[in-house]
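Below: the structure, in structure tokens.
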Amino acid sequence: MGKRVLLIEDEPNIIEAISFILSRDGWNVSTHSNGHDAVDVVLGNQPDLLILDVMLPGKSGYDILKELRENNAAQSLPVLMLTARGATRDREMAERAGASRFMTKPFSNAEVLEAVRELVAS
Amino acid sequence: MSRDTLTGSRIRERRAMAGMRQSDLARQVGISASYLNLIEHNRRRIGGKLLVDIANVLGVEPSLLSEGAEAALISTLREAAADAGNVQPELDRIDEFAGRFPGWAELIADGHRRIGALERTAATLTDRLTHDPHLATSMHEMLTMVTAIKSTAGILADTREIEPEWRNRFHRNINEDSQRLAESSQRLVEYLDGAGDADAALTSPMEEVEVMLAANDYRFPHLEEEAEDIEAFVKGQPHLTTHAARKAALGVLKQLRSDARKMPRAEVAEVLQAHGLDLQALTRHFRVSMAVVFRRVAVLSNDLLEDPAGLIMCDNSGTLTLRKPVDGFPVPRFSAACPKWPLFQALARPMHPIYRCVTVTGREAKPFHCYAIAETVSAVGFTEDPLYRAFMLVIPAEVASENAREVGSTCRVCPSADCAGRREPSILVDGI
């Protein structure tokens, strides 16, 4: 069985597209679409990589990541953050929250695949 | 040199503009060129018939030569000089400059006015682009649609073997997202069409209420006298387009009627007549809280005071909840306001009335009397944390007091260079 990727994103068609390309590449993908209970889902799921959108209903990706980094079980989890804003300030916020990598929408499928492979390999 | 002694300079300027030699003008009005030279250098006073004759030859009204540039031009030049920063123009010769070079003076004044207009536009747009929640949401929505389309289209283009079920599904997704993107784009264009207009594209229910209040010039005599049904009135207001706005307006107008019952218009006029604008006297006379007095004075000021008064309200979080603007005291629509406003000092000292004379940063630097107080709006008890609402009455002042405090609108458009309360850089100091 391939490595496990958890995708937390609220746009269903993005979920479908990313799930498809990662599954075809051999990853075991699970998804979640709101921020309320995202921390519990990550901790319960124990993925090898988390792809996390910033703007989620209920709780922002930054807040979710901060909470995760305070938990021993998720301190070293590779996290790829997705956002529609590419400003320096947003990158800094992602870094401060503990993101392993930051990707600005719209991204290409190849970029997502490359980032996922590199993050899990490292 | 005063303006009335600059008639000669104006004659010289007008003659030069007409392309006429000094000797020609002198000959036509029957004086020597040397005498005209003395006149043009303001060494001889001129008036009466000779002034009229010269004006006729130059094709201008005599008053243009004798009165010179209008006071408004001089005033604008002074404002431009005040904003000049490190450059120090010769203020003592401003009349002479305007008189001798009216075209150049008008050019500078026009440039100064244009800079002011551009700064106001920049302030409006930067406030919107930086803090406008509608714009941020709209851009996020569009980028999300683009991402979904790009990713899905990439799958269809790059995946050699794809099951028909998936292919159909992705085609459907692209179709859906394309439609959503088109609709989002259309809405954004419509919104941006009104971006430079401060009244356009209202974004919140309270903004609609504020526009409704302003459209009625804050005058609601029939509602105050209970001769008109508030709900019917609200339903008939074209600026209240949403249910939330109508609900908010209902609350504001009910408050207005309640305040009017406590402080009837005619009686307020009598107290103002007897005591002038003494807020404490009003509080004592009507036995009401300071907040009621602030609201009532703000509403009645359009009729009873020399200048209309402004009113700004905020909640515990510092979020502005209602704005009655007053000329020269800009209030941000989207971004957080200046932390130096007495309104926020009042939140730190609830129930304690605060007065400050303030000047507003920027080119006009108008002075205002600001009165502020924060009052509880929720139940108070040993186990209840109180919620407050703060009010600030803003009244134009003739002059600033010696200890007047400098306040801005919002950091982004505040020219104050070294403010301890600054949250973010200013486009007026650091550029965009």
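Going by the structure tokens order, chains are called A, B, ..., each with residues numbered from 1, while ligands are numbered from 1 in the order shown.
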
If we count only C-alpha atoms, what is near stretch 325-331 of chain B at a cut-off of 7 Å, once residues fewer than 3 positions away on the same chain are taken out, given as a PyMOL selection string?
chain B and resi 308-311+360+366+409

Can you pull out every residue within 12 Å of B:Ser23, counting only C-alpha atoms, but drop anything in the same chain fewer than 4 positions away, and send it as a PyMOL selection string?
chain B and resi 12+15+19+27-37

Which residues are near A:Glu111? Cut-off 12 Å, only C-alpha atoms, ignore same chain within fewer than 3 positions. Put them as a list in words.
Ile18, Ile21, Leu22, Leu80, Leu82, Arg101, Phe102, Met103, Thr104, Lys105, Pro106, Phe107, Ser108, Glu114, Ala115, Val116, Arg117 and Glu118 of chain A; Ser151 and Gly154 of chain B

Which residues of chain B are close to chain A, meaning at most 6 Å apart when you count only C-alpha atoms, and how do they look as an NGL selection string?
:B and (140 or 143 or 147-148 or 151-152)

Tell me, as a ChimeraX atom specification, which residues lie within 6 Å of A:Val79, counting only C-alpha atoms; anything in the same chain fewer than 4 positions away does not count.
/A:50-51,99-100

Have a look at atom CA of B:Leu181 and atom CA of B:Arg167 and let me know their distance in Å, one decimal.
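Computing it gives 20.7 Å between the two atoms.
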
Atom CA of B:Gly103 and atom CA of B:Glu13, how far apart in Å?
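These atoms are spaced 9.3 Å apart.
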
Could you write out, as a ChimeraX atom specification, all the residues of chain A that DSSP marks as strand (DSSP E)?
/A:4-8,28-32,49-53,79-83,101-104

Option closest in space to B:Glu228, from B:Arg296, B:Arg257, B:Arg93, B:His171 [counting only C-alpha atoms]:
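So, comparing all the options, the nearest one is B:Arg257.
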
Stretch 200-266 of chain B: which residues are helix (DSSP H, G or I) by DSSP, as a PyMOL selection string?
chain B and resi 205-215+221-224+230-235+243-262+265-266

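Among the candidates A:Ala74, A:Leu65, A:Leu119, A:Ala38, the one nearest to A:Arg96 when counting only C-alpha atoms is A:Leu65.
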
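Proximity to B:Gly47 at 12 Å, evaluated using only C-alpha atoms and with sequence-adjacent residues fewer than 4 positions away removed, yields Asp4, Thr5, Leu6, Thr7, Gly8, Ile11, Ile39, Leu51, Val52, Asp53, Ile54, Ala55, Pro62, Ser63, Leu65, Ser66 and Glu67 of chain B.
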
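In this model, the gap between atom CA of B:Ala214 and atom CA of B:Arg356 comes to 26.0 Å.
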
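Compared by their closest atoms to A:Ala97, and using only C-alpha atoms, the residues A:Ser60, A:Ser19, A:Asn72, A:Thr31 rank with A:Ser60 nearest.
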
Test item: residues at most 8 Å from B:Pro342, only C-alpha atoms, excluding those fewer than 5 positions along its chain, as JSON, numbers by chain
{"B": [354, 355, 356, 370, 371, 372, 392]}

Near-A:Gly98 list (10 Å; only C-alpha atoms; drop same-chain fewer than 4 positions) as a ChimeraX atom specification:
/A:62,65-70,75-81,92-94

Just the selected residues (C-alpha atoms), exported as a compact mmCIF listing (two decimals), in the first residue's frame, please.
```
# COMPACT_ATOMS: atom_id res chain seq x y z
CA TYR A 62 -2.70 28.48 9.98
CA LEU A 65 -1.17 23.84 11.75
CA LYS A 66 -0.20 25.73 14.91
CA GLU A 67 -2.28 23.31 16.97
CA LEU A 68 -0.75 20.34 15.19
CA ARG A 69 2.79 21.56 15.79
CA GLU A 70 2.04 21.82 19.51
CA GLN A 75 5.52 17.85 15.13
CA SER A 76 7.47 16.31 12.28
CA LEU A 77 4.58 15.74 9.90
CA PRO A 78 5.40 17.20 6.44
CA VAL A 79 2.76 19.81 5.59
CA LEU A 80 2.17 21.37 2.19
CA MET A 81 0.06 24.52 2.53
CA GLU A 92 5.77 34.22 6.50
CA MET A 93 2.58 33.30 8.31
CA ALA A 94 2.76 29.80 6.82
```

When distances are computed from only C-alpha atoms, which of B:Val146, B:Leu393, B:Ala26, B:Ala182 shows the smallest separation from B:Leu38?
B:Ala26
